[in-house]
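Worksheet: one structure, shown below.
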Amino acid sequence: MRFDRIIQGGNVVTPGGSFVGDVGIVGEKIAALGTSLDATGAEVVDARGHHVIPGVLDVHVHLELPFCGTTSADDYRTGTRAGARGGVTTLIDFAIPYAGESLSDAVDNWMKKAEGKALIDYTFHVCITRWQEHKDQIAAMVERGFPTFKEFMIYESEGWQSDDRALFSTLEKMKEYGAMLLVHAESARVLDELIARHHTPELMKEYGARLHAITRPNFIEAEAIERAVRWCEATGGQLYIVHMSTAEGTDIVRAAQARGVPVLAETCVQYLVLDDSVFGREDGHLFACCPQLKTPADSERLWQGLKSGEVSVISTDTCTFTREQKAMWEGDWTKIPMGMPGLETLLPLTYTEGVLGGRLTLDEMCAKLSTNPARIMGLHPRKGAIQVGADADIAIIHPTRTITVRPDDMETNADWSPFEGWELAGFARTTLSRGEIIVDDYKVVGQAGRGRWLPRASAGLAAASAASAPTATAALVPSTERAAAVTA
Ligand code: URP
Ligand code: ZN
Ligand code: ZN
């Protein structure tokens with residue numbers, strides 16, 4: 001077979017295990033895997049001494065999002081460049097309808113944000129923000145290639161909040177359409193009450209940004225996850241808990257999966273590597289995101305949940321704000337634009353802290369960053385694995401070479417980084433997207449606008465099972481609970 005490009009001599013991570021050898025590419029696809037592929041006429045990418053891993057899917061991203069009285073600072077140009085530098089080859093953003101808009105309008109708006117700017121492939125989760133208006137539009141969105149929906153249990157002031165009626169009824173529809181509901185789980189009314197009790201000039205002066213953590217004790221997330229899981233169990237609709245940050249939430253998800261409830265969970269890398277001690281720093285307000293960073297014990301439980309399987313995916317919840325935007329808080333934590341940059345450092349952080357830190361194997365990292373998200377979001381086998389027939393979306397990383405995180409050197413529009421000064425391995429030396437080199441020698445070389453929208457047919461455990469060999473599906477959920485969860 002003649003190849004257009006061969007990635008030669010690297011440690012290639014596939015769903016069936018790793019081998020030292022070659023990846024042969026024809027056009028946009030992986031055409032062969034082997035130990036000494038014929039390179040005649042092919043462009044050779046030397047990967048000796050490197051890991052060759054599937055391109056990362058960051059399935060929780062907000063680019064150019066109007067939020068908290070401003071607009072998040074990474075758009076599709078800078079956000080996708082940042083992703084590529086960090087080995088991300090696919091992202092999923094959230095299309096949110098604003099006043100009077102339909103689900104379809106929201107998707108049209110987000111398509112426009114991406115067009116001409118995206119360097120990597122993308123699609124969107126569709127946010128249901130007004131149940132009565134949006135409920136009859138769900139089927140058409142599935143038909144249009146969007147089988148993942150999102151509801152927020154908080155954010156009344158943004159006009160995004162869903163109540164139990166919406167959650168329950170949407171989950172019913174998810175079951176009917178083979179679709180999946182993503183939920184931001186925090187308990188709105190108790191959170192409102194705790195914020196109101198602490199919103200005094202005296203307390204704000206005394207505690208500053210620490211009030212962000214003080215007003216969101218772990219039970220705020222745990223109660224909401226418990227409730228969403230209850231509606232999931234009652235309806236049989238596929239549920240996916242986004243940005244899970246607590247040990248309690250992880251325990252609830254594990255117990256539900258053991259009962260055969262069709263619930264999946266993601267965490268974000270910031271909840272694994274940072275904790276709420278940052279709010280005591282002079283610049284602690286920069287770290288405000290929603291939900292907020294928790295304690296080292298929560299991080300520990302989340303790592304454990306990744307290892308044992310109840311946490312299926314690591315994402316970023318990228319929602320970048322500059323120092324100037326963050327300064328809008330003026331000492332009142334309720335006014336901090338919530339979110340942090342993340343796309344560029346997802347893989348380096350997970351590799352350095354997870355794999356080099358001895359918490360995950362390289363194979364497990366690839367499952368959490370690539371294969372599981374692709375399966376769960378209905379993008380497998382096109383995305384998420386190095387295997388014949390898949391898109392040639394690949395990251396080549398050096399096993400130990402580190403780069404110091406410096407905002408000035410980064411592609412993100414953020415003028416700060418939560419990880420400034422950290423020495424991280426795992427930045428992409430080379431990133432390929434559909435066979436094309438878009439990062440070379442750690443620099444972005446691909447063109448804006450080459451990224452494509454990715455239509456999908458279904459999502460959740462059912463889609464994952466249908467698209468995968470049984471051994472591959474095994475990585476999604478803990479082995480003891482696998483049978484129950486997959487058949488639910
Ligand atoms: O702080 C965050 N996460 N901002 C984005 C909105 C959300 O809740 O995901
Ligand atoms: Zn959220
Ligand atoms: Zn988010």
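The chains in the structure tokens are called A, B, ... from first to last as shown; in each chain the residues are counted from 1, and the ligands are counted from 1 in the order shown.
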
Please report, as CSV, each residue of region 314-432 of chain A lying at most 12 Å from region 211-223 of chain A, together with the nearest pair of atoms and the separation in Å rounded to one decimal; use only C-alpha atoms, and order rows by chain and ascending residue number.
residue,atom,partner,partner_atom,distance
A:Trp329,CA,A:His212,CA,11.7
A:Gly331,CA,A:Leu211,CA,10.5
A:Asp332,CA,A:Leu211,CA,9.1
A:Trp333,CA,A:His212,CA,6.2
A:Thr334,CA,A:His212,CA,7.7
A:Lys335,CA,A:His212,CA,10.4
A:Ile336,CA,A:His212,CA,9.4
A:Pro337,CA,A:His212,CA,11.8
A:Met338,CA,A:His212,CA,10.3

Selection export as a PDB file, in the first residue's frame, atoms kept: N, CA, C and O atoms:
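Ended up saving to part-v3.pdb:
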ATOM      1  N   TRP A 329     -14.687  42.155  39.320  1.00  0.00           N
ATOM      2  CA  TRP A 329     -15.252  41.722  40.608  1.00  0.00           C
ATOM      3  C   TRP A 329     -15.196  42.834  41.667  1.00  0.00           C
ATOM      4  O   TRP A 329     -16.073  42.922  42.507  1.00  0.00           O
ATOM      5  N   GLY A 331     -13.846  43.200  44.384  1.00  0.00           N
ATOM      6  CA  GLY A 331     -13.987  42.773  45.782  1.00  0.00           C
ATOM      7  C   GLY A 331     -15.274  42.031  46.100  1.00  0.00           C
ATOM      8  O   GLY A 331     -15.460  41.550  47.211  1.00  0.00           O
ATOM      9  N   ASP A 332     -16.172  41.910  45.106  1.00  0.00           N
ATOM     10  CA  ASP A 332     -17.441  41.188  45.314  1.00  0.00           C
ATOM     11  C   ASP A 332     -17.376  39.888  44.507  1.00  0.00           C
ATOM     12  O   ASP A 332     -17.423  39.899  43.274  1.00  0.00           O
ATOM     13  N   TRP A 333     -17.277  38.771  45.240  1.00  0.00           N
ATOM     14  CA  TRP A 333     -17.037  37.495  44.537  1.00  0.00           C
ATOM     15  C   TRP A 333     -18.185  37.106  43.610  1.00  0.00           C
ATOM     16  O   TRP A 333     -17.982  36.351  42.667  1.00  0.00           O
ATOM     17  N   THR A 334     -19.390  37.638  43.836  1.00  0.00           N
ATOM     18  CA  THR A 334     -20.510  37.259  42.969  1.00  0.00           C
ATOM     19  C   THR A 334     -20.395  37.903  41.583  1.00  0.00           C
ATOM     20  O   THR A 334     -21.154  37.569  40.673  1.00  0.00           O
ATOM     21  N   LYS A 335     -19.448  38.829  41.430  1.00  0.00           N
ATOM     22  CA  LYS A 335     -19.301  39.515  40.130  1.00  0.00           C
ATOM     23  C   LYS A 335     -18.087  39.024  39.342  1.00  0.00           C
ATOM     24  O   LYS A 335     -17.760  39.579  38.289  1.00  0.00           O
ATOM     25  N   ILE A 336     -17.405  38.005  39.843  1.00  0.00           N
ATOM     26  CA  ILE A 336     -16.226  37.508  39.102  1.00  0.00           C
ATOM     27  C   ILE A 336     -16.715  36.720  37.878  1.00  0.00           C
ATOM     28  O   ILE A 336     -17.492  35.783  38.022  1.00  0.00           O
ATOM     29  N   PRO A 337     -16.244  37.069  36.675  1.00  0.00           N
ATOM     30  CA  PRO A 337     -16.549  36.206  35.529  1.00  0.00           C
ATOM     31  C   PRO A 337     -15.966  34.808  35.788  1.00  0.00           C
ATOM     32  O   PRO A 337     -14.767  34.674  36.052  1.00  0.00           O
ATOM     33  N   MET A 338     -16.828  33.810  35.719  1.00  0.00           N
ATOM     34  CA  MET A 338     -16.402  32.483  36.189  1.00  0.00           C
ATOM     35  C   MET A 338     -15.908  31.608  35.039  1.00  0.00           C
ATOM     36  O   MET A 338     -16.625  31.360  34.082  1.00  0.00           O
TER      37      MET A 338
END

Ligand 3 neighbours within 8 Å using only C-alpha atoms and all ligand atoms, as a PyMOL selection string: chain A and resi 60-62+94+184+242-243+290+317-319

Atomic separation - CA of Val313 (chain A) relative to CA of Glu300 (chain A), Å: 15.7 Å

Shortest interatomic distance to Ala255 (chain A) - which of A:Gly446, A:Gly21, A:Gly41, A:Gly309, counting only C-alpha atoms: A:Gly309

Minimum-distance residue to Ile252 (chain A), chosen among A:His134, A:Glu310, A:Arg81, A:Glu266 (using only C-alpha atoms):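 The closest residue to Ile252 (chain A) is A:Glu310.
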
Could you list, with a cut-off of 10 Å and counting only C-alpha atoms, the residues of region 237-341 of chain A near region 400-413 of chain A, each shown with its nearest atom pair and the distance in Å rounded to one decimal, rows sorted by chain and ascending number, as a Markdown table?
| residue | atom | partner | partner_atom | distance |
| --- | --- | --- | --- | --- |
| A:Thr320 | CA | A:Asn413 | CA | 7.7 |
| A:Phe321 | CA | A:Asn413 | CA | 8.3 |
| A:Thr322 | CA | A:Asn413 | CA | 7.5 |
| A:Pro341 | CA | A:Thr412 | CA | 7.2 |
